[in-house]
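Shown next, in C-alpha cells, is the structure this report addresses.
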Amino acid sequence: MRYAKLAKADLPKLFQSLKSRGEVFAPVEEGGKVTFRKVDDLKEVKLEYTRTLLPPKKLLLPPEEEILRYEGEEYRESFEGKKAVLFGVHHCDVNGLLKLDRVFLDSPRDEYYARRRENTLVVGISCVPDRYCFCTSVGSGYATTGFDLFLHDLGREYLVRVGSGEGYRLSKEGYFQEAGKKEVEQAARMEERRMGKVRRRINLAGMGDLIETEGKEGWEEVSAKCLACGTCNLVCPTCQCYDVSDLLTLDVRKGSRVRRWDSCMLKRHALVAGGLNFRPTVVERTVNRLSCKVGEEVRCVGCGRCTVYCPAGIDFVEMLSAVRGEAR
Amino acid sequence: MKPKVGIFGFTGCAGDQLMILNLEDELLDLVGALDLKSFTMASSAVEESDYDVAFVEGSITTPKQKQKLEEIRKRSKLLVAIGDCAAWGGVQASCNGILKVEEKMKEVYGSDKVWEIYESKPLSAYVKVDFVLPGCPIEKEEFLRAAASLLRGDLPEAVDYPVCVECKLRENGCLMLEGKLCLGPLTVGGCRARCPSLGVDCIGCRGVIEGEARIKSALQVFREAGFKPDYVRARLRMFAANYPEILEVK
Amino acid sequence: MNELLPRQAKVLKVEEQTPIEKLLQLDVNLNHRPGQFLEVSVAGVGEAPISICSSPTRKPLEVCVRRVGRVTAALHRLSPGAKVGIRGPYGNGFPMEAMKGSDLILISGGLGMAPLRGVLQYALDHRKDYGELSLLYGIRDYTLMLFKDEIMKLMDSKECRVYLSYEKEDEVCKNLKKKHPECVCEGVVTKLFGMVDLNPEAYAVVCGPPVMYRFVFKELMDRNFPPERIYMTMERRMKCGIGKCRHCVVGAGTSMRYVCKDGPVFTGVDALQIKGLIG
C-alpha cells in the first residue's frame, strides 16, 4: 500500500481534481437522511455521517436501469459509459462493493456493473458509528482493498491510503504530501478509537448450521412481525437480486427491458410459471435471506441498515441471537 | 385488423375513465392503435359489438349492473378491471359487513325499499376478470404499458410487490418509522410510491397484495406504534374492505 | 460480450405435442450438453428458462414449451419464420461422458420427459458407449404424453426398454397395457420400479414435476441405489441464467446453490445435503 497525506485545507483541491474525472456522487444530508447524490461543490458534502439510506451500490447497480432496447425481435444493449466518482464511502460499504464484485465480475461478468465499476473511482472515508453498527464482527470494519483512495481523519489532515493506479496518479498531484510510519500510527490509533465505538457484536460461530436446523416455530417467532415489504433487502449493500421486465410501447413493436432491485422477501422471488412458489411464506424467505447473508458465507457487512429501516422494527442481530437460542 | 376495445363504467366516480381521457400526449396514439367500440364517458354511442379487450371501471351494486357486466364478459376475450372500485369494490364497500345496504338506504332515503341494491363488490365477485389495473385512480404509465400488451394479445405483467419497494428505490425514508400509519407494506405497488414520496402516508388505494399482505403482522406493528384499533380498521377498509382478512378485522 | 443480450433465432417448425405443449425447432447452432437450458425471449413479454429437449447429435435444436405463463403463452403463438431471442446454453447439463460404459435408467414424469429426451437421443446416437437403456415414463393420460411416435417406436425396438405408467386410463393406455403388461401399468411413475431390475452400477437420470423427486429418490434409496449415481434436474426461477439474480437459489444454512449455474442437474448426494432441493 502507498500512503500520502492531505491537509484538510487542500481537500477542495482533491475534490476539484475528482470532478475533472467524472460526476462526483457523495453523501448529502437532506430532510433528515443522508444519501449519495451528485454534488458540484465540496460544501454540499456531509463528510462525517453514519450511514446513507441506500448504499453506494446504487451507482454501480442502479435501482432501476434499462439494459436493452428492442425493435421487433432485435435487441440492442443500452449503456452510457459515464465516468463517475464515489466520494466518501465508508469501510463497510467498500467491503460491500467487494462482495458485489465477486458476484457481478465473476465469469460471465455482468457488463453493466463491470463497466460502471471500471468507470468509477472510489474514495473512502472513515465513519461515525452508531449503536446499530456491527461491522467489526463480520470482518468489514476496515477496508484493505476495493478503493482508489481512502481518507482517514487525523484532525487537521487526512492520512490517505492509495489503493489503485488511478489513486496513485491522484496522490502524485502537488497538494499531497508524503506520509510515513508516524501518520500511519496516528491513523491506526484513530481507527482503533472509531472501531471501539462499534459496540454491537454478532456471534457467527456455527451460524449456518444453526439456521439450517432451526425449526418452523422458531422462524415463525422471529418473523412474526415481518411485513414482507422487502426493505431489508433494498437497503442492503450486498443484496444482488434483481428482477427483469419488458416494457412495451403502444406501437407494440418497440420497447425496453429493464431490471430492478428485487427482494427475496417478496412473493415472486421463488415463484415459477404455473404458480408453484418454492418459498411461499416469510418463514422460507427468512431462512433464505439469513442463509444468504450469514449462513453460506458472510455476505453481511454489518452496516445496520436492515435493522434501522425495517418498518416493523425487526432487528437483524437479535434475529440471529434468537436462532442461536439466546434471548428466547 | 385493429383490436376492438370497449371502456365501461359502473358504480364509481368515473375517475379512471377520466384518467384515460386525460392521457393527452398518448391519447391519439392509443385511439389510433385500436378500434374503440364503446367508451361510456367519452361518447354516448354504444355499438353492439364483441370486444378483444373490455376495460371496466366501477363496482357492481345493482342487478342491472350485474346483468350488463355478464353481457360484457360474454362479448369480451379479455376483461380488465380498472380502478379500485372494479378491483376491490371501492370506498363504497368500506362499510361492508358492518352496515347493511338496507340500513344505509334507509338512512339516506328514509326507506329501505327504494331500489334493489347489492353490497358493493368487485367485478370478480360476478365474472372472471383477466387482469386488474388497480389504483384510485389508475396510473397512466401502468395503463399504457398494460394496454400495449393487451392490444398484442399478451396478458400484462401484474405488480405483486408492495409500495415499499418503489418507495425504497426512490430512497425515501420510512413514514412508519416517522410515526405515520402508512399502508405501503400491504399495498400493491406500481404507483412509484406517489404519496410517500411527498411525505404522505399510503392510504392503500391500490388494494392489498392478494394472498400475500401480512395483515396480522401489520395489525401488531400498528398496535405497538400506538394507533387505535378503530382508526387502523377504518384505514384498512377504505379501499380494500372486501379482502377477507380485512373484513374480519375487529 | 454482454451475456444479457439475446441473439436472434428463427423458429423453423412448430409442432403441437399435447394440448398444452408445443415443440419448437430453432435455427441455432449450439454445442450444448443434454440437460442444459436456454433463456428464451419474446420481446415485450419477457424471458423464460426453457430446457433443450434435443441432443447435440441431432439438428436442428428443439425445445418443448408448456403453456404455463406469459412468455410461454407468447411462444405458443409463434409460427415458423418468427424470431425469438435466446441466451445460453446455461447450466451444467448431464455428465454424458462420466456415465459412459454404464447402464442408464431414465426416470421422467410429465414435461420432465423433455430434458431426458436429449439424454435418450444422445445415448441412442452413441449406443455402443452405454450399457442397457431403460426409460421409465409417467404420464397423466395418453393425450399428455410427449414424443408419442418416438417413444412408441422405441417400445417395439431393442434399443431401449420403455416402461410407461399412466394415472388416468384411456383407450390407448388400456390397449398398451394389454399388449405390454410387463412394462405398462396404471399409477404413478414409482409403480414402474416393480417392473425394473435396478442395477446399482447403473446411473439413474431423473426429471419430473417438483413433487416427483422425493418419491423417486426414496424409491431408489430404499433399493440401496447409490445416491452418487442419481442425477436429477431441477426447475426453479432461473431468471438470469448466470448466477447473478439469485432467484433460483436453493438450500439453507451452509449449503446453498444456484440452480442455473451449479445445476440444474444435481446428484442424489446433493439431495441429501441441500435442504429443500427435492422438497
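Ordering of the C-alpha cells sets the chain letters (A, B, ...); residue numbers start at 1 within each chain; ligands are numbered from 1 in the order shown.
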What are the residues of chain B that have an atom within 12 Å of an atom of chain C, counting only C-alpha atoms, as a PDB file with C-alpha atoms, in the first residue's frame?
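This is the output file selection_3.pdb:
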```
ATOM      1  CA  ARG B 145     -47.989  -0.319 -20.736  1.00  0.00           C
ATOM      2  CA  ALA B 146     -50.758  -2.787 -19.986  1.00  0.00           C
ATOM      3  CA  ALA B 148     -49.833  -2.180 -25.258  1.00  0.00           C
ATOM      4  CA  SER B 149     -49.527  -5.783 -24.063  1.00  0.00           C
ATOM      5  CA  LEU B 150     -53.274  -6.373 -24.210  1.00  0.00           C
ATOM      6  CA  LEU B 151     -53.521  -4.970 -27.733  1.00  0.00           C
ATOM      7  CA  ARG B 152     -50.964  -7.536 -28.801  1.00  0.00           C
ATOM      8  CA  GLY B 153     -52.885 -10.291 -27.028  1.00  0.00           C
ATOM      9  CA  ASP B 154     -50.453 -10.724 -24.131  1.00  0.00           C
ATOM     10  CA  LEU B 155     -51.506 -10.507 -20.519  1.00  0.00           C
ATOM     11  CA  PRO B 156     -49.525  -7.702 -18.889  1.00  0.00           C
ATOM     12  CA  GLU B 157     -47.191  -8.356 -16.027  1.00  0.00           C
ATOM     13  CA  ALA B 158     -49.043  -7.747 -12.772  1.00  0.00           C
TER      14      ALA B 158
END
```
Enumerate as a PyMOL selection string the residues belonging to chain C that approach chain A to within 8 Å, with only C-alpha atoms taken into account. chain C and resi 1-8+42-46+68-69+83-85+236-237+239+242-248+251-256+275
Mind giving me the straight-line distance from CA of Lys19 in chain A to CA of Asn172 in chain B in Å, one decimal? 26.9 Å
Report as a short mmCIF file (atom, residue, chain, number, x, y, z; two decimals) with N, CA, C and O atoms, in the first residue's frame: the residues of range 65-125 of chain C with a DSSP assignment of alpha helix (DSSP H), based on the backbone of this structure.
```cif
data_model
loop_
_atom_site.label_atom_id
_atom_site.label_comp_id
_atom_site.auth_asym_id
_atom_site.auth_seq_id
_atom_site.Cartn_x
_atom_site.Cartn_y
_atom_site.Cartn_z
N ARG C 70 -46.83 -16.14 -19.08
CA ARG C 70 -46.93 -15.12 -20.12
C ARG C 70 -45.98 -15.40 -21.29
O ARG C 70 -46.38 -15.32 -22.45
N VAL C 71 -44.72 -15.71 -20.95
CA VAL C 71 -43.75 -15.92 -22.02
C VAL C 71 -44.09 -17.18 -22.82
O VAL C 71 -44.06 -17.17 -24.06
N THR C 72 -44.45 -18.24 -22.12
CA THR C 72 -44.74 -19.48 -22.84
C THR C 72 -46.02 -19.35 -23.66
O THR C 72 -46.12 -19.93 -24.74
N ALA C 73 -46.97 -18.55 -23.18
CA ALA C 73 -48.17 -18.31 -23.98
C ALA C 73 -47.79 -17.60 -25.27
O ALA C 73 -48.30 -17.92 -26.35
N ALA C 74 -46.87 -16.65 -25.16
CA ALA C 74 -46.43 -15.92 -26.35
C ALA C 74 -45.66 -16.85 -27.29
O ALA C 74 -45.80 -16.76 -28.51
N LEU C 75 -44.88 -17.75 -26.73
CA LEU C 75 -44.14 -18.71 -27.57
C LEU C 75 -45.10 -19.63 -28.32
O LEU C 75 -44.86 -20.01 -29.46
N HIS C 76 -46.20 -19.96 -27.67
CA HIS C 76 -47.18 -20.83 -28.30
C HIS C 76 -47.87 -20.17 -29.49
O HIS C 76 -48.47 -20.83 -30.32
N MET C 113 -40.02 -35.32 -19.34
CA MET C 113 -39.52 -36.09 -20.48
C MET C 113 -38.69 -35.22 -21.41
O MET C 113 -37.81 -35.72 -22.13
N ALA C 114 -38.95 -33.93 -21.41
CA ALA C 114 -38.28 -33.05 -22.39
C ALA C 114 -36.75 -33.06 -22.25
O ALA C 114 -36.05 -33.41 -23.20
N PRO C 115 -36.19 -32.69 -21.09
CA PRO C 115 -34.73 -32.73 -21.00
C PRO C 115 -34.17 -34.15 -21.13
O PRO C 115 -33.07 -34.33 -21.64
N LEU C 116 -34.95 -35.15 -20.68
CA LEU C 116 -34.45 -36.53 -20.75
C LEU C 116 -34.42 -37.04 -22.20
O LEU C 116 -33.67 -37.95 -22.52
N ARG C 117 -35.24 -36.45 -23.03
CA ARG C 117 -35.21 -36.85 -24.44
C ARG C 117 -33.83 -36.57 -25.03
O ARG C 117 -33.32 -37.33 -25.85
N GLY C 118 -33.22 -35.45 -24.61
CA GLY C 118 -31.87 -35.13 -25.08
C GLY C 118 -30.87 -36.20 -24.66
O GLY C 118 -30.01 -36.60 -25.43
N VAL C 119 -31.03 -36.67 -23.41
CA VAL C 119 -30.15 -37.72 -22.90
C VAL C 119 -30.38 -39.00 -23.70
O VAL C 119 -29.43 -39.68 -24.13
N LEU C 120 -31.63 -39.31 -23.91
CA LEU C 120 -32.01 -40.54 -24.63
C LEU C 120 -31.45 -40.51 -26.06
O LEU C 120 -30.80 -41.47 -26.50
N GLN C 121 -31.68 -39.40 -26.74
CA GLN C 121 -31.16 -39.30 -28.12
C GLN C 121 -29.65 -39.42 -28.14
O GLN C 121 -29.08 -40.09 -29.00
N TYR C 122 -29.01 -38.78 -27.18
CA TYR C 122 -27.54 -38.81 -27.13
C TYR C 122 -27.04 -40.24 -26.94
O TYR C 122 -26.13 -40.69 -27.64
N ALA C 123 -27.68 -40.94 -26.00
CA ALA C 123 -27.27 -42.32 -25.74
C ALA C 123 -27.56 -43.22 -26.95
O ALA C 123 -26.76 -44.10 -27.28
N LEU C 124 -28.69 -42.99 -27.60
CA LEU C 124 -29.02 -43.80 -28.79
C LEU C 124 -28.02 -43.53 -29.91
O LEU C 124 -27.65 -44.44 -30.66
N ASP C 125 -27.57 -42.28 -30.02
CA ASP C 125 -26.62 -41.92 -31.07
C ASP C 125 -25.19 -42.34 -30.73
O ASP C 125 -24.31 -42.30 -31.59
#
```
What are the residues of chain A that have an atom within 7 Å of an atom of chain B, counting only C-alpha atoms, as a JSON list (two decimals) with N, CA, C and O atoms, in the first residue's frame?
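Final output, saved to selection-v5.json:
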```json
[["chain", "number", "residue", "atom", "x", "y", "z"],
["A", 53, "LEU", "N", -29.10, 6.12, 3.36],
["A", 53, "LEU", "CA", -30.28, 5.24, 3.31],
["A", 53, "LEU", "C", -30.00, 4.08, 2.33],
["A", 53, "LEU", "O", -29.99, 2.93, 2.71],
["A", 54, "LEU", "N", -29.73, 4.41, 1.08],
["A", 54, "LEU", "CA", -29.32, 3.37, 0.14],
["A", 54, "LEU", "C", -27.80, 3.35, 0.10],
["A", 54, "LEU", "O", -27.15, 4.39, 0.20],
["A", 63, "PRO", "N", -30.95, 1.20, -8.97],
["A", 63, "PRO", "CA", -32.20, 0.58, -8.51],
["A", 63, "PRO", "C", -33.08, 0.13, -9.67],
["A", 63, "PRO", "O", -33.72, -0.90, -9.60],
["A", 224, "ALA", "N", -42.51, -13.03, 13.01],
["A", 224, "ALA", "CA", -43.93, -12.77, 13.27],
["A", 224, "ALA", "C", -44.36, -11.37, 12.83],
["A", 224, "ALA", "O", -45.45, -11.18, 12.31],
["A", 225, "LYS", "N", -43.49, -10.40, 13.03],
["A", 225, "LYS", "CA", -43.86, -9.02, 12.70],
["A", 225, "LYS", "C", -43.48, -8.62, 11.29],
["A", 225, "LYS", "O", -43.78, -7.51, 10.84],
["A", 226, "CYS", "N", -42.81, -9.53, 10.59],
["A", 226, "CYS", "CA", -42.31, -9.18, 9.25],
["A", 226, "CYS", "C", -43.48, -8.86, 8.32],
["A", 226, "CYS", "O", -44.46, -9.60, 8.23],
["A", 227, "LEU", "N", -43.38, -7.74, 7.62],
["A", 227, "LEU", "CA", -44.45, -7.32, 6.71],
["A", 227, "LEU", "C", -44.15, -7.74, 5.27],
["A", 227, "LEU", "O", -44.90, -7.42, 4.36],
["A", 229, "CYS", "N", -42.06, -6.59, 3.22],
["A", 229, "CYS", "CA", -42.07, -5.38, 2.40],
["A", 229, "CYS", "C", -40.82, -5.26, 1.55],
["A", 229, "CYS", "O", -40.78, -4.45, 0.62],
["A", 230, "GLY", "N", -39.78, -6.02, 1.90],
["A", 230, "GLY", "CA", -38.56, -6.02, 1.09],
["A", 230, "GLY", "C", -37.54, -4.97, 1.46],
["A", 230, "GLY", "O", -36.44, -4.94, 0.91],
["A", 231, "THR", "N", -37.88, -4.11, 2.43],
["A", 231, "THR", "CA", -36.97, -3.02, 2.78],
["A", 231, "THR", "C", -35.57, -3.51, 3.15],
["A", 231, "THR", "O", -34.57, -2.97, 2.70],
["A", 234, "LEU", "N", -33.66, -4.13, 0.13],
["A", 234, "LEU", "CA", -33.47, -2.98, -0.76],
["A", 234, "LEU", "C", -32.46, -1.98, -0.22],
["A", 234, "LEU", "O", -31.86, -1.24, -0.98],
["A", 247, "LEU", "N", -40.84, -3.72, -21.13],
["A", 247, "LEU", "CA", -41.84, -2.67, -21.30],
["A", 247, "LEU", "C", -42.11, -2.54, -22.79],
["A", 247, "LEU", "O", -41.20, -2.58, -23.61],
["A", 248, "LEU", "N", -43.39, -2.41, -23.10],
["A", 248, "LEU", "CA", -43.80, -2.36, -24.50],
["A", 248, "LEU", "C", -44.48, -1.02, -24.75],
["A", 248, "LEU", "O", -45.25, -0.54, -23.92],
["A", 249, "THR", "N", -44.17, -0.40, -25.90],
["A", 249, "THR", "CA", -44.84, 0.85, -26.23],
["A", 249, "THR", "C", -46.09, 0.56, -27.07],
["A", 249, "THR", "O", -46.27, -0.56, -27.55],
["A", 250, "LEU", "N", -46.90, 1.58, -27.25],
["A", 250, "LEU", "CA", -48.20, 1.38, -27.90],
["A", 250, "LEU", "C", -48.11, 0.89, -29.35],
["A", 250, "LEU", "O", -49.07, 0.35, -29.87],
["A", 252, "VAL", "N", -46.60, -1.51, -30.21],
["A", 252, "VAL", "CA", -46.46, -2.95, -29.93],
["A", 252, "VAL", "C", -45.28, -3.62, -30.67],
["A", 252, "VAL", "O", -45.29, -4.81, -30.90],
["A", 266, "LEU", "N", -40.07, -11.08, -1.09],
["A", 266, "LEU", "CA", -41.29, -10.82, -1.84],
["A", 266, "LEU", "C", -41.83, -12.08, -2.51],
["A", 266, "LEU", "O", -41.10, -13.02, -2.79],
["A", 267, "LYS", "N", -43.10, -12.02, -2.81],
["A", 267, "LYS", "CA", -43.86, -13.14, -3.35],
["A", 267, "LYS", "C", -43.21, -13.80, -4.55],
["A", 267, "LYS", "O", -43.08, -15.02, -4.64],
["A", 309, "TYR", "N", -33.92, 0.53, 9.09],
["A", 309, "TYR", "CA", -35.02, 0.93, 8.21],
["A", 309, "TYR", "C", -36.20, -0.04, 8.18],
["A", 309, "TYR", "O", -37.15, 0.17, 7.42],
["A", 311, "PRO", "N", -39.59, -1.27, 8.82],
["A", 311, "PRO", "CA", -40.78, -0.60, 9.36],
["A", 311, "PRO", "C", -41.39, -1.35, 10.54],
["A", 311, "PRO", "O", -42.12, -0.76, 11.33],
["A", 312, "ALA", "N", -41.09, -2.63, 10.66],
["A", 312, "ALA", "CA", -41.66, -3.41, 11.76],
["A", 312, "ALA", "C", -40.72, -3.47, 12.95],
["A", 312, "ALA", "O", -41.02, -4.10, 13.96]]
```
Residues within 7 Å of Glu23 in chain A, only C-alpha atoms, excluding chain neighbours under 4 positions, as a ChimeraX atom specification: /A:19,38,83-85
Create the file for the chosen residues now, containing all heavy atoms and written as a CSV table (one decimal), in the first residue's frame.
```csv
chain,number,residue,atom,x,y,z
A,19,LYS,N,-13.6,15.9,-9.7
A,19,LYS,CA,-14.6,16.4,-10.5
A,19,LYS,C,-14.2,16.4,-12.0
A,19,LYS,O,-15.0,16.2,-12.9
A,19,LYS,CB,-15.0,17.8,-10.1
A,19,LYS,CG,-16.4,17.9,-9.5
A,19,LYS,CD,-16.7,19.3,-9.1
A,19,LYS,CE,-17.3,20.1,-10.3
A,19,LYS,NZ,-17.8,21.4,-9.8
A,38,LYS,N,-25.4,13.5,-6.6
A,38,LYS,CA,-24.4,14.2,-7.4
A,38,LYS,C,-24.2,15.5,-6.8
A,38,LYS,O,-25.1,16.2,-6.4
A,38,LYS,CB,-25.0,14.3,-8.9
A,38,LYS,CG,-24.0,15.0,-9.8
A,38,LYS,CD,-24.6,14.9,-11.2
A,38,LYS,CE,-23.7,15.7,-12.2
A,38,LYS,NZ,-23.8,17.1,-12.1
A,83,LYS,N,-18.1,8.4,-16.8
A,83,LYS,CA,-17.2,8.4,-15.7
A,83,LYS,C,-17.8,8.9,-14.4
A,83,LYS,O,-18.5,9.9,-14.5
A,83,LYS,CB,-15.9,9.2,-16.1
A,83,LYS,CG,-15.2,8.6,-17.3
A,83,LYS,CD,-14.1,7.7,-16.8
A,83,LYS,CE,-13.2,7.3,-18.0
A,83,LYS,NZ,-12.5,6.0,-17.8
A,84,ALA,N,-17.5,8.3,-13.3
A,84,ALA,CA,-18.1,8.8,-12.1
A,84,ALA,C,-17.1,8.6,-10.9
A,84,ALA,O,-16.1,7.9,-11.0
A,84,ALA,CB,-19.4,8.1,-11.8
A,85,VAL,N,-17.4,9.4,-9.8
A,85,VAL,CA,-16.6,9.2,-8.6
A,85,VAL,C,-17.5,9.0,-7.5
A,85,VAL,O,-18.5,9.7,-7.3
A,85,VAL,CB,-15.7,10.5,-8.4
A,85,VAL,CG1,-14.9,10.4,-7.1
A,85,VAL,CG2,-14.8,10.8,-9.5
```
So how many Å separate CA of Asp129 in chain C and CA of Leu104 in chain C, to one decimal?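 If I compute the distance from CA of Asp129 in chain C to CA of Leu104 in chain C, I get 10.9 Å.
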Please run DSSP on the backbone and report, as JSON, numbers by chain, all residues within range 72-120 of chain B that come out as strand (DSSP E). {"B": [76, 77, 78, 79, 80, 81, 82]}
